[in-house]
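*Asks:* I am sharing work_28.pdb, which consists of PDB, C-alpha atoms and all ligand atoms:
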```pdb
ATOM      1  CA  MET A   1       0.000   0.000   0.000
ATOM      2  CA  ALA A   2       1.375   3.479  -0.907
ATOM      3  CA  ALA A   3       2.396   5.650   2.087
ATOM      4  CA  MET A   4       0.001   8.528   2.779
ATOM      5  CA  ASN A   5       1.320  11.939   1.768
ATOM      6  CA  ASN A   6       1.139  14.013   4.983
ATOM      7  CA  ASP A   7       2.241  17.395   3.656
ATOM      8  CA  TRP A   8      -1.239  18.869   4.285
ATOM      9  CA  ILE A   9      -1.065  18.378   8.050
ATOM     10  CA  ASP A  10      -0.476  21.349  10.406
ATOM     11  CA  ARG A  11      -1.056  23.803   7.581
ATOM     12  CA  VAL A  12      -3.521  26.523   6.701
ATOM     13  CA  PHE A  13      -3.848  27.118   2.985
ATOM     14  CA  GLY A  14      -4.840  30.495   1.591
ATOM     15  CA  GLU A  15      -7.446  29.156  -0.773
ATOM     16  CA  ASP A  16     -11.123  28.373  -1.227
ATOM     17  CA  ALA A  17     -12.224  25.510   1.013
ATOM     18  CA  LEU A  18     -13.951  23.715  -1.847
ATOM     19  CA  GLN A  19     -10.697  23.593  -3.751
ATOM     20  CA  GLY A  20      -8.515  22.922  -0.711
ATOM     21  CA  LEU A  21     -10.569  20.007   0.585
ATOM     22  CA  GLN A  22      -9.332  18.017  -2.414
ATOM     23  CA  ARG A  23      -5.880  17.950  -0.776
ATOM     24  CA  ILE A  24      -7.153  15.895   2.143
ATOM     25  CA  PRO A  25      -7.501  12.114   1.861
ATOM     26  CA  ASP A  26     -10.944  10.699   2.626
ATOM     27  CA  GLY A  27     -11.324   9.151   6.084
ATOM     28  CA  SER A  28      -8.282  10.921   7.538
ATOM     29  CA  VAL A  29      -9.715  13.545   9.902
ATOM     30  CA  ASP A  30     -10.968  13.035  13.485
ATOM     31  CA  LEU A  31     -12.929  16.233  13.891
ATOM     32  CA  LEU A  32     -14.511  18.724  11.493
ATOM     33  CA  LEU A  33     -14.895  22.074  13.218
ATOM     34  CA  ALA A  34     -16.655  24.524  10.937
ATOM     35  CA  ASP A  35     -17.389  28.191  11.479
ATOM     36  CA  PRO A  36     -18.649  29.218   8.042
ATOM     37  CA  PRO A  37     -19.949  32.632   6.967
ATOM     38  CA  TYR A  38     -23.401  32.994   8.585
ATOM     39  CA  GLY A  39     -25.284  34.206   5.514
ATOM     40  CA  LEU A  40     -25.757  37.573   7.225
ATOM     41  CA  GLY A  41     -23.605  39.782   4.980
ATOM     42  CA  LYS A  42     -20.569  40.087   7.298
ATOM     43  CA  ASP A  43     -17.458  41.723   5.877
ATOM     44  CA  TYR A  44     -14.513  39.346   5.761
ATOM     45  CA  GLY A  45     -12.664  41.470   3.207
ATOM     46  CA  ASN A  46     -14.282  39.374   0.466
ATOM     47  CA  ASP A  47     -17.785  38.581  -0.854
ATOM     48  CA  SER A  48     -18.020  35.215   0.909
ATOM     49  CA  ASP A  49     -20.935  36.314   3.106
ATOM     50  CA  LYS A  50     -22.883  38.189   0.452
ATOM     51  CA  LEU A  51     -24.863  35.328  -1.132
ATOM     52  CA  ASP A  52     -28.668  35.440  -1.250
ATOM     53  CA  THR A  53     -30.460  32.840   0.857
ATOM     54  CA  ALA A  54     -30.942  30.229  -1.871
ATOM     55  CA  ALA A  55     -27.338  30.497  -3.062
ATOM     56  CA  TYR A  56     -26.055  30.424   0.546
ATOM     57  CA  LEU A  57     -27.926  27.214   1.307
ATOM     58  CA  ARG A  58     -26.787  25.631  -1.994
ATOM     59  CA  TRP A  59     -23.173  26.550  -1.193
ATOM     60  CA  THR A  60     -23.538  25.206   2.357
ATOM     61  CA  GLU A  61     -24.728  21.853   1.043
ATOM     62  CA  GLU A  62     -21.849  21.798  -1.420
ATOM     63  CA  TRP A  63     -19.087  22.300   1.165
ATOM     64  CA  ILE A  64     -20.768  19.881   3.595
ATOM     65  CA  ASP A  65     -20.738  17.198   0.912
ATOM     66  CA  ALA A  66     -17.102  17.938   0.134
ATOM     67  CA  ALA A  67     -15.999  17.948   3.786
ATOM     68  CA  LEU A  68     -17.865  15.025   5.401
ATOM     69  CA  PRO A  69     -16.032  12.272   3.466
ATOM     70  CA  LYS A  70     -12.784  13.513   5.051
ATOM     71  CA  LEU A  71     -13.961  12.318   8.481
ATOM     72  CA  LYS A  72     -12.967   8.982   9.973
ATOM     73  CA  PRO A  73     -15.865   6.564  10.616
ATOM     74  CA  ASN A  74     -15.907   7.579  14.319
ATOM     75  CA  GLY A  75     -15.448  11.297  13.585
ATOM     76  CA  SER A  76     -17.609  14.259  14.587
ATOM     77  CA  LEU A  77     -18.636  17.707  13.436
ATOM     78  CA  TYR A  78     -19.262  20.946  15.299
ATOM     79  CA  ILE A  79     -20.767  23.764  13.262
ATOM     80  CA  PHE A  80     -21.259  27.366  14.414
ATOM     81  CA  LEU A  81     -24.493  28.888  13.103
ATOM     82  CA  THR A  82     -27.056  31.479  14.051
ATOM     83  CA  TRP A  83     -30.788  30.974  14.532
ATOM     84  CA  ARG A  84     -31.422  32.324  11.031
ATOM     85  CA  PHE A  85     -30.183  29.302   9.100
ATOM     86  CA  SER A  86     -29.575  26.639  11.745
ATOM     87  CA  PRO A  87     -33.005  25.054  11.075
ATOM     88  CA  GLU A  88     -32.294  24.504   7.367
ATOM     89  CA  ILE A  89     -28.678  23.430   7.912
ATOM     90  CA  PHE A  90     -29.513  21.065  10.767
ATOM     91  CA  VAL A  91     -32.034  19.346   8.475
ATOM     92  CA  MET A  92     -29.313  18.930   5.817
ATOM     93  CA  LEU A  93     -26.924  17.463   8.380
ATOM     94  CA  LYS A  94     -29.514  15.168   9.960
ATOM     95  CA  GLN A  95     -29.888  13.519   6.558
ATOM     96  CA  ARG A  96     -26.173  12.693   6.624
ATOM     97  CA  MET A  97     -25.146  12.271  10.294
ATOM     98  CA  ILE A  98     -26.408  11.586  13.811
ATOM     99  CA  MET A  99     -27.318  14.758  15.690
ATOM    100  CA  ASN A 100     -26.006  14.710  19.287
ATOM    101  CA  ASN A 101     -26.686  18.232  20.490
ATOM    102  CA  GLU A 102     -27.796  21.710  19.728
ATOM    103  CA  ILE A 103     -25.440  23.773  21.878
ATOM    104  CA  ILE A 104     -26.350  27.330  22.756
ATOM    105  CA  TRP A 105     -23.378  29.627  23.088
ATOM    106  CA  ASP A 106     -24.520  32.480  25.328
ATOM    107  CA  ARG A 107     -22.098  35.218  24.318
ATOM    108  CA  ARG A 108     -22.725  37.134  27.553
ATOM    109  CA  VAL A 109     -23.710  40.272  25.715
ATOM    110  CA  PRO A 110     -24.402  43.087  28.199
ATOM    111  CA  SER A 111     -27.896  44.597  28.276
ATOM    112  CA  MET A 112     -27.884  47.900  26.395
ATOM    113  CA  GLY A 113     -31.275  48.825  25.014
ATOM    114  CA  GLY A 114     -31.489  46.586  21.929
ATOM    115  CA  GLY A 115     -34.305  46.288  19.349
ATOM    116  CA  THR A 116     -37.869  47.331  20.018
ATOM    117  CA  ARG A 117     -39.841  44.887  17.833
ATOM    118  CA  ARG A 118     -38.405  41.568  18.993
ATOM    119  CA  PHE A 119     -36.023  40.022  21.533
ATOM    120  CA  SER A 120     -32.322  40.775  21.170
ATOM    121  CA  SER A 121     -30.372  37.772  19.958
ATOM    122  CA  VAL A 122     -27.319  37.074  22.141
ATOM    123  CA  HIS A 123     -26.429  33.500  21.282
ATOM    124  CA  ASP A 124     -24.856  31.346  18.577
ATOM    125  CA  THR A 125     -26.398  27.993  17.722
ATOM    126  CA  ILE A 126     -23.827  25.205  17.510
ATOM    127  CA  GLY A 127     -24.639  21.796  16.043
ATOM    128  CA  PHE A 128     -22.768  18.721  17.304
ATOM    129  CA  PHE A 129     -23.061  15.747  14.950
ATOM    130  CA  ALA A 130     -21.367  12.341  14.662
ATOM    131  CA  CYS A 131     -20.756   9.941  11.773
ATOM    132  CA  ALA A 132     -21.748   6.861  13.776
ATOM    133  CA  LYS A 133     -22.935   5.707  17.207
ATOM    134  CA  ASP A 134     -19.404   4.784  18.328
ATOM    135  CA  TYR A 135     -18.056   8.321  17.817
ATOM    136  CA  TYR A 136     -15.049   9.399  19.857
ATOM    137  CA  PHE A 137     -16.072  11.417  22.943
ATOM    138  CA  ASP A 138     -13.926  12.045  26.030
ATOM    139  CA  LEU A 139     -16.184  13.583  28.656
ATOM    140  CA  ASP A 140     -13.502  13.354  31.374
ATOM    141  CA  ALA A 141     -11.290  15.729  29.393
ATOM    142  CA  ILE A 142     -13.864  18.521  29.601
ATOM    143  CA  ARG A 143     -15.606  18.062  32.930
ATOM    144  CA  ILE A 144     -16.010  21.237  34.966
ATOM    145  CA  PRO A 145     -14.635  20.790  38.498
ATOM    146  CA  TYR A 146     -16.919  21.556  41.421
ATOM    147  CA  ASP A 147     -15.768  24.228  43.826
ATOM    148  CA  ALA A 148     -15.073  23.208  47.422
ATOM    149  CA  GLU A 149     -18.383  24.649  48.666
ATOM    150  CA  THR A 150     -20.503  22.688  46.193
ATOM    151  CA  LYS A 151     -18.545  19.526  46.913
ATOM    152  CA  LYS A 152     -19.172  19.998  50.624
ATOM    153  CA  ALA A 153     -22.881  20.536  50.015
ATOM    154  CA  ARG A 154     -22.999  17.163  48.243
ATOM    155  CA  SER A 155     -21.283  15.272  51.048
ATOM    156  CA  ARG A 156     -24.245  12.972  51.812
ATOM    157  CA  SER A 157     -23.190   9.308  51.940
ATOM    158  CA  ILE A 158     -24.930   8.454  48.640
ATOM    159  CA  PHE A 159     -22.558  10.822  46.819
ATOM    160  CA  VAL A 160     -19.318   9.587  48.428
ATOM    161  CA  GLY A 161     -16.901   8.329  45.761
ATOM    162  CA  ALA A 162     -19.151   9.450  42.902
ATOM    163  CA  LYS A 163     -16.969   9.971  39.837
ATOM    164  CA  TRP A 164     -18.853  13.079  38.760
ATOM    165  CA  LEU A 165     -18.285  14.681  42.137
ATOM    166  CA  GLU A 166     -14.549  14.028  42.036
ATOM    167  CA  LEU A 167     -13.905  14.818  38.373
ATOM    168  CA  GLY A 168     -16.489  17.520  37.820
ATOM    169  CA  TYR A 169     -19.714  17.820  35.877
ATOM    170  CA  ASN A 170     -20.764  17.568  32.246
ATOM    171  CA  PRO A 171     -20.682  21.130  30.787
ATOM    172  CA  LYS A 172     -24.294  20.702  29.526
ATOM    173  CA  ASP A 173     -25.556  22.271  26.303
ATOM    174  CA  VAL A 174     -25.675  25.953  27.259
ATOM    175  CA  TRP A 175     -22.178  27.420  27.226
ATOM    176  CA  SER A 176     -21.901  30.813  28.811
ATOM    177  CA  VAL A 177     -18.578  32.223  27.638
ATOM    178  CA  SER A 178     -17.848  35.883  27.005
ATOM    179  CA  ARG A 179     -17.497  36.953  23.386
ATOM    180  CA  LEU A 180     -14.132  38.514  22.545
ATOM    181  CA  HIS A 181     -14.888  42.200  22.943
ATOM    182  CA  ARG A 182     -12.439  44.795  21.643
ATOM    183  CA  GLU A 183     -10.340  44.919  24.823
ATOM    184  CA  HIS A 184     -10.228  41.161  25.383
ATOM    185  CA  ARG A 185      -6.633  39.906  25.688
ATOM    186  CA  GLU A 186      -7.293  37.102  23.184
ATOM    187  CA  ARG A 187      -8.757  39.435  20.572
ATOM    188  CA  ALA A 188      -7.191  39.428  17.059
ATOM    189  CA  ASP A 189      -8.283  41.587  14.135
ATOM    190  CA  HIS A 190     -11.168  39.424  12.903
ATOM    191  CA  PRO A 191     -14.887  40.286  13.166
ATOM    192  CA  THR A 192     -16.133  36.858  14.258
ATOM    193  CA  GLN A 193     -13.193  35.364  16.142
ATOM    194  CA  LYS A 194     -14.262  32.589  18.503
ATOM    195  CA  PRO A 195     -12.985  32.171  22.085
ATOM    196  CA  LEU A 196     -10.319  29.505  22.602
ATOM    197  CA  GLU A 197     -12.268  28.224  25.607
ATOM    198  CA  ILE A 198     -15.105  27.068  23.361
ATOM    199  CA  VAL A 199     -12.997  25.620  20.566
ATOM    200  CA  GLU A 200     -10.667  23.850  22.991
ATOM    201  CA  ARG A 201     -13.614  22.206  24.710
ATOM    202  CA  MET A 202     -14.758  20.817  21.352
ATOM    203  CA  ILE A 203     -11.287  19.581  20.479
ATOM    204  CA  LYS A 204     -10.559  17.938  23.840
ATOM    205  CA  ALA A 205     -13.918  16.175  23.826
ATOM    206  CA  SER A 206     -14.031  15.081  20.198
ATOM    207  CA  CYS A 207     -10.486  14.663  18.869
ATOM    208  CA  PRO A 208      -8.077  12.166  20.457
ATOM    209  CA  PRO A 209      -4.612  13.431  21.476
ATOM    210  CA  GLY A 210      -2.464  13.611  18.343
ATOM    211  CA  GLY A 211      -5.565  13.471  16.121
ATOM    212  CA  ILE A 212      -6.411  15.854  13.272
ATOM    213  CA  VAL A 213      -8.911  18.730  13.296
ATOM    214  CA  LEU A 214     -10.129  20.154   9.987
ATOM    215  CA  ASP A 215     -11.487  23.722   9.884
ATOM    216  CA  PRO A 216     -12.480  24.780   6.353
ATOM    217  CA  PHE A 217     -13.001  28.447   7.369
ATOM    218  CA  MET A 218     -10.077  29.364   9.619
ATOM    219  CA  GLY A 219     -10.664  33.111  10.011
ATOM    220  CA  SER A 220      -8.117  34.262  12.600
ATOM    221  CA  GLY A 221      -6.952  30.671  13.132
ATOM    222  CA  THR A 222      -8.585  29.913  16.471
ATOM    223  CA  THR A 223      -8.907  26.226  15.577
ATOM    224  CA  ALA A 224      -5.229  25.953  14.612
ATOM    225  CA  VAL A 225      -4.116  27.682  17.811
ATOM    226  CA  ALA A 226      -6.468  25.592  19.957
ATOM    227  CA  ALA A 227      -5.367  22.349  18.279
ATOM    228  CA  ARG A 228      -1.701  23.112  18.903
ATOM    229  CA  ARG A 229      -2.371  24.102  22.519
ATOM    230  CA  CYS A 230      -4.209  20.817  23.032
ATOM    231  CA  GLY A 231      -1.570  18.586  21.375
ATOM    232  CA  ARG A 232      -3.671  17.893  18.268
ATOM    233  CA  ARG A 233      -2.855  18.538  14.600
ATOM    234  CA  PHE A 234      -4.847  20.718  12.216
ATOM    235  CA  VAL A 235      -5.556  21.620   8.617
ATOM    236  CA  GLY A 236      -7.666  24.392   7.169
ATOM    237  CA  PHE A 237      -8.351  27.063   4.603
ATOM    238  CA  GLU A 238      -8.899  30.803   4.583
ATOM    239  CA  LEU A 239      -9.700  33.055   1.617
ATOM    240  CA  ASN A 240      -8.425  36.356   3.013
ATOM    241  CA  PRO A 241      -4.600  36.685   2.834
ATOM    242  CA  GLU A 242      -4.610  39.157   5.741
ATOM    243  CA  TYR A 243      -6.258  36.582   7.972
ATOM    244  CA  CYS A 244      -3.712  33.999   6.762
ATOM    245  CA  ALA A 245      -0.957  36.318   7.999
ATOM    246  CA  LEU A 246      -2.805  36.704  11.293
ATOM    247  CA  ILE A 247      -2.955  32.926  11.686
ATOM    248  CA  GLU A 248       0.753  32.652  11.061
ATOM    249  CA  GLN A 249       1.337  35.352  13.663
ATOM    250  CA  ARG A 250      -0.846  33.684  16.284
ATOM    251  CA  LEU A 251       0.824  30.314  15.773
ATOM    252  CA  ALA A 252       4.296  31.818  15.868
ATOM    253  CA  GLN A 253       3.428  33.640  19.079
ATOM    254  CA  LEU A 254       2.327  30.364  20.568
ATOM    255  CA  ASP A 255       5.591  28.720  19.551
ATOM    256  CA  GLY A 256       7.597  31.682  20.852
ATOM    257  CA  GLN A 257       8.818  32.426  17.355
ATOM    258  CA  THR A 258       9.063  35.537  15.233
ATOM    259  CA  PRO A 259       6.286  35.557  12.579
ATOM    260  CA  GLY A 260       7.684  34.492   9.218
ATOM    261  CA  GLU A 261      10.253  32.062  10.642
ATOM    262  CA  ARG A 262       8.100  29.139   9.662
ATOM    263  CA  PRO A 263       5.502  29.453   6.859
ATOM    264  CA  LEU A 264       2.498  27.770   8.462
ATOM    265  CA  ALA A 265      -0.166  29.779   6.688
ATOM    266  CA  GLU A 266       0.691  30.038   3.072
ATOM    267  CA  ARG A 267      -0.896  30.900  -0.226
ATOM    268  CA  SER A 268      -1.361  28.111  -2.708
ATOM    269  CA  ALA A 269       0.275  28.457  -6.105
TER     270      ALA A 269
HETATM  271  C1  LIG B 301     -17.002  32.953  10.686
HETATM  272  S1  LIG B 301     -15.395  33.303  10.110
HETATM  273  C2  LIG B 301     -14.365  32.138  10.993
HETATM  274  C3  LIG B 301     -13.849  32.705  12.291
HETATM  275  C4  LIG B 301     -12.900  31.760  13.023
HETATM  276  N1  LIG B 301     -13.603  30.638  13.591
HETATM  277  C5  LIG B 301     -12.134  32.491  14.117
HETATM  278  O1  LIG B 301     -12.253  32.134  15.313
HETATM  279  O2  LIG B 301     -11.417  33.434  13.799
HETATM  280  C6  LIG B 301     -15.455  32.636   8.488
HETATM  281  C7  LIG B 301     -14.162  32.803   7.693
HETATM  282  O3  LIG B 301     -14.279  32.005   6.501
HETATM  283  C8  LIG B 301     -13.598  32.668   5.433
HETATM  284  N2  LIG B 301     -14.171  32.102   4.192
HETATM  285  C9  LIG B 301     -15.366  32.397   3.647
HETATM  286  N3  LIG B 301     -15.586  31.635   2.558
HETATM  287  C10 LIG B 301     -14.518  30.830   2.431
HETATM  288  C11 LIG B 301     -14.167  29.797   1.530
HETATM  289  N4  LIG B 301     -14.982  29.455   0.519
HETATM  290  N5  LIG B 301     -12.999  29.152   1.687
HETATM  291  C12 LIG B 301     -12.154  29.487   2.708
HETATM  292  N6  LIG B 301     -12.430  30.459   3.609
HETATM  293  C13 LIG B 301     -13.597  31.113   3.481
HETATM  294  C14 LIG B 301     -13.885  34.143   5.669
HETATM  295  O4  LIG B 301     -12.909  34.964   5.035
HETATM  296  C15 LIG B 301     -13.879  34.228   7.210
HETATM  297  O5  LIG B 301     -12.611  34.646   7.701
END
```
Could you express the structure from this file as structure tokens?
Ligand SMILES: C[S@@+](CC[C@H](N)C(=O)[O-])C[C@H]1O[C@@H](n2cnc3c(N)ncnc32)[C@H](O)[C@@H]1O
*Replies:*
Amino acid sequence: MAAMNNDWIDRVFGEDALQGLQRIPDGSVDLLLADPPYGLGKDYGNDSDKLDTAAYLRWTEEWIDAALPKLKPNGSLYIFLTWRFSPEIFVMLKQRMIMNNEIIWDRRVPSMGGGTRRFSSVHDTIGFFACAKDYYFDLDAIRIPYDAETKKARSRSIFVGAKWLELGYNPKDVWSVSRLHREHRERADHPTQKPLEIVERMIKASCPPGGIVLDPFMGSGTTAVAARRCGRRFVGFELNPEYCALIEQRLAQLDGQTPGERPLAERSA
């Protein structure tokens, strides 16, 4: 059997995801972590979020069908969406995968007036899907430890020795994590950068140590940074060359290197 060419691993390519996905062998990726344009007209320095609804949904189905074959049989998918198109996209995905959760990311947006004709939207809708029933999932890696007070309050004999009390609790499906506001220390120059806390939780739970995470829409490179911090490998794509440079910078910072020493984010020929 021919040895697998691994030159796509630990790289972010400055190209269209649909084109780039062809680089990746089928069945080689543990986790697909996708944060695509939302179909809301955001400015990513390109027209990628300017499609009308029908074209956006057609494009979504196209990249889903190109990306899913890259997953291993026990692989999983997390997809960041908003309430506007999560219903349609969840239906698409339910025809192809097993749906495990709808996770609500409460972005902890402060109360400041807001709209007057409906309720202000302050959450992202995240879909968690798996290829098969025996999908990889390491709950122990992401349990939230109880504080001493709560532990003490659960000291009745029936709880003694309970694994969940010692290791912590399941994070549940509402994740309350602050968005990266302008002054946040993690903040890079990208309009929809995701917090490492959220992406690292997904990676630790759903990609084994040393495994590979694929993010077709890297943005500021949160998935690449999170994967490296967690001892996993990554691959991904990003259309905007300025964001590619940002990714390179973030990774170099993590490695304690000067940006440019090692070309991790690079343009394709
Ligand atoms: C929602 S943002 C991702 C943000 C990222 N998760 C982060 O934390 O920074 C989507 C990104 O996908 C990029 N993009 C849009 N269409 C693309 C395509 N067809 N191929 C590759 N990248 C694309 C955009 O330029 C944008 O930076």
*Asks:* Name the residues in contact with Lys50 of chain A at a cut-off of 12 Å, using only C-alpha atoms, excluding same-chain residues fewer than 5 positions from it; report them as an mmCIF file with C-alpha atoms, keeping the file's coordinate frame.
*Replies:*
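Below you can see result12.cif, which holds the result:
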```cif
data_model
loop_
_atom_site.group_PDB
_atom_site.id
_atom_site.type_symbol
_atom_site.label_atom_id
_atom_site.label_comp_id
_atom_site.auth_asym_id
_atom_site.auth_seq_id
_atom_site.Cartn_x
_atom_site.Cartn_y
_atom_site.Cartn_z
ATOM 1 C CA PRO A 37 -19.949 32.632 6.967
ATOM 2 C CA TYR A 38 -23.401 32.994 8.585
ATOM 3 C CA GLY A 39 -25.284 34.206 5.514
ATOM 4 C CA LEU A 40 -25.757 37.573 7.225
ATOM 5 C CA GLY A 41 -23.605 39.782 4.980
ATOM 6 C CA LYS A 42 -20.569 40.087 7.298
ATOM 7 C CA ASP A 43 -17.458 41.723 5.877
ATOM 8 C CA TYR A 44 -14.513 39.346 5.761
ATOM 9 C CA GLY A 45 -12.664 41.470 3.207
ATOM 10 C CA ALA A 55 -27.338 30.497 -3.062
ATOM 11 C CA TYR A 56 -26.055 30.424 0.546
ATOM 12 C CA TRP A 59 -23.173 26.550 -1.193
#
```
*Asks:* Using the chain letters and numbers from the file, give me the residues hit by the PyMOL selection byres (((not hetatm)) within 6 of (chain B and resi 301)), as a list in words.
*Replies:*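 Applying the PyMOL selection byres (((not hetatm)) within 6 of (chain B and resi 301)) to the structure shown produces Glu15, Asp16, Ala17, Asp35, Pro36, Pro37, Tyr44, Ser48, Thr192, Gln193, Lys194, Pro216, Phe217, Met218, Gly219, Ser220, Gly221, Thr222, Phe237, Glu238, Leu239 and Asn240 of chain A.
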*Asks:* Would you mind listing what lies within 7 Å of segment 160-173 of chain A as a ChimeraX atom specification, with all atoms listed in the file counted and same-chain residues fewer than 5 positions away left out?
*Replies:* /A:102-104,143-146,151,155
*Asks:* For the atom pair atom CA of Asp10 of chain A and atom CA of Val225 of chain A, what is the interatomic distance in Å to one decimal place?
*Replies:*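 Going from atom CA of Asp10 of chain A over to atom CA of Val225 of chain A, I get 10.4 Å.
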*Asks:* Which residues, written as a PyMOL selection string, have at least one atom at most 7 Å from segment 65-69 of chain A, with only C-alpha atoms counted and residues fewer than 3 positions away on the same chain left out?
*Replies:* chain A and resi 18+21+26-27+61-62
*Asks:* Using only C-alpha atoms, can you tell me which of A:Leu180, A:Leu246, A:Val213, A:Leu51 comes closest to Leu33 of chain A?
*Replies:*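 Using only C-alpha atoms, the shortest distance to Leu33 of chain A belongs to A:Val213.
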*Asks:* Atom CA of Val174 of chain A and atom CA of Glu88 of chain A, how far apart in Å?
*Replies:*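 Separation between atom CA of Glu88 of chain A and atom CA of Val174 of chain A: 21.0 Å.
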*Asks:* Give me the result of the PyMOL selection byres (((chain A and resi 70-79) around 7) and not hetatm) on this file, residue by residue, as JSON, numbers by chain.
*Replies:* {"A": [24, 25, 26, 27, 28, 29, 30, 31, 32, 33, 34, 35, 67, 68, 69, 80, 81, 126, 127, 128, 129, 130, 131, 132, 134, 135, 136, 206]}
*Asks:* Pick out the closest residue to Asp140 of chain A from this set: A:Met112, A:Lys204, A:Ile9, A:Thr53. Count only C-alpha atoms.
*Replies:*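 So, comparing all the options, the nearest one is A:Lys204.
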*Asks:* Counting only C-alpha atoms, which of A:Arg117, A:Arg187, A:Arg233, A:Arg96 gets nearest to Val12 of chain A?
*Replies:* A:Arg233
*Asks:* Go ahead and fit an axis-aligned box to every listed atom of segment 174-182 of chain A plus 4 Å each side, and pass me the centre and edge lengths in Å, one decimal, as lines of an AutoDock Vina configuration file.
*Replies:*
```
center_x = -19.1
center_y = 35.4
center_z = 25.2
size_x = 21.2
size_y = 26.8
size_z = 15.2
```
*Asks:* Using the chain letters and numbers from this file, what does the PyMOL selection byres (((chain A and resi 11) around 7) and not hetatm) select? Give the answer as a ChimeraX atom specification.
*Replies:* /A:8-10,12-13,234-236,264-265
*Asks:* Counting only C-alpha atoms, figure out which residue out of A:Gln95, A:Gln253, A:Thr125, A:Ser176 gets nearest to Thr82 of chain A.
*Replies:*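 For Thr82 of chain A, the nearest of the given residues is A:Thr125.
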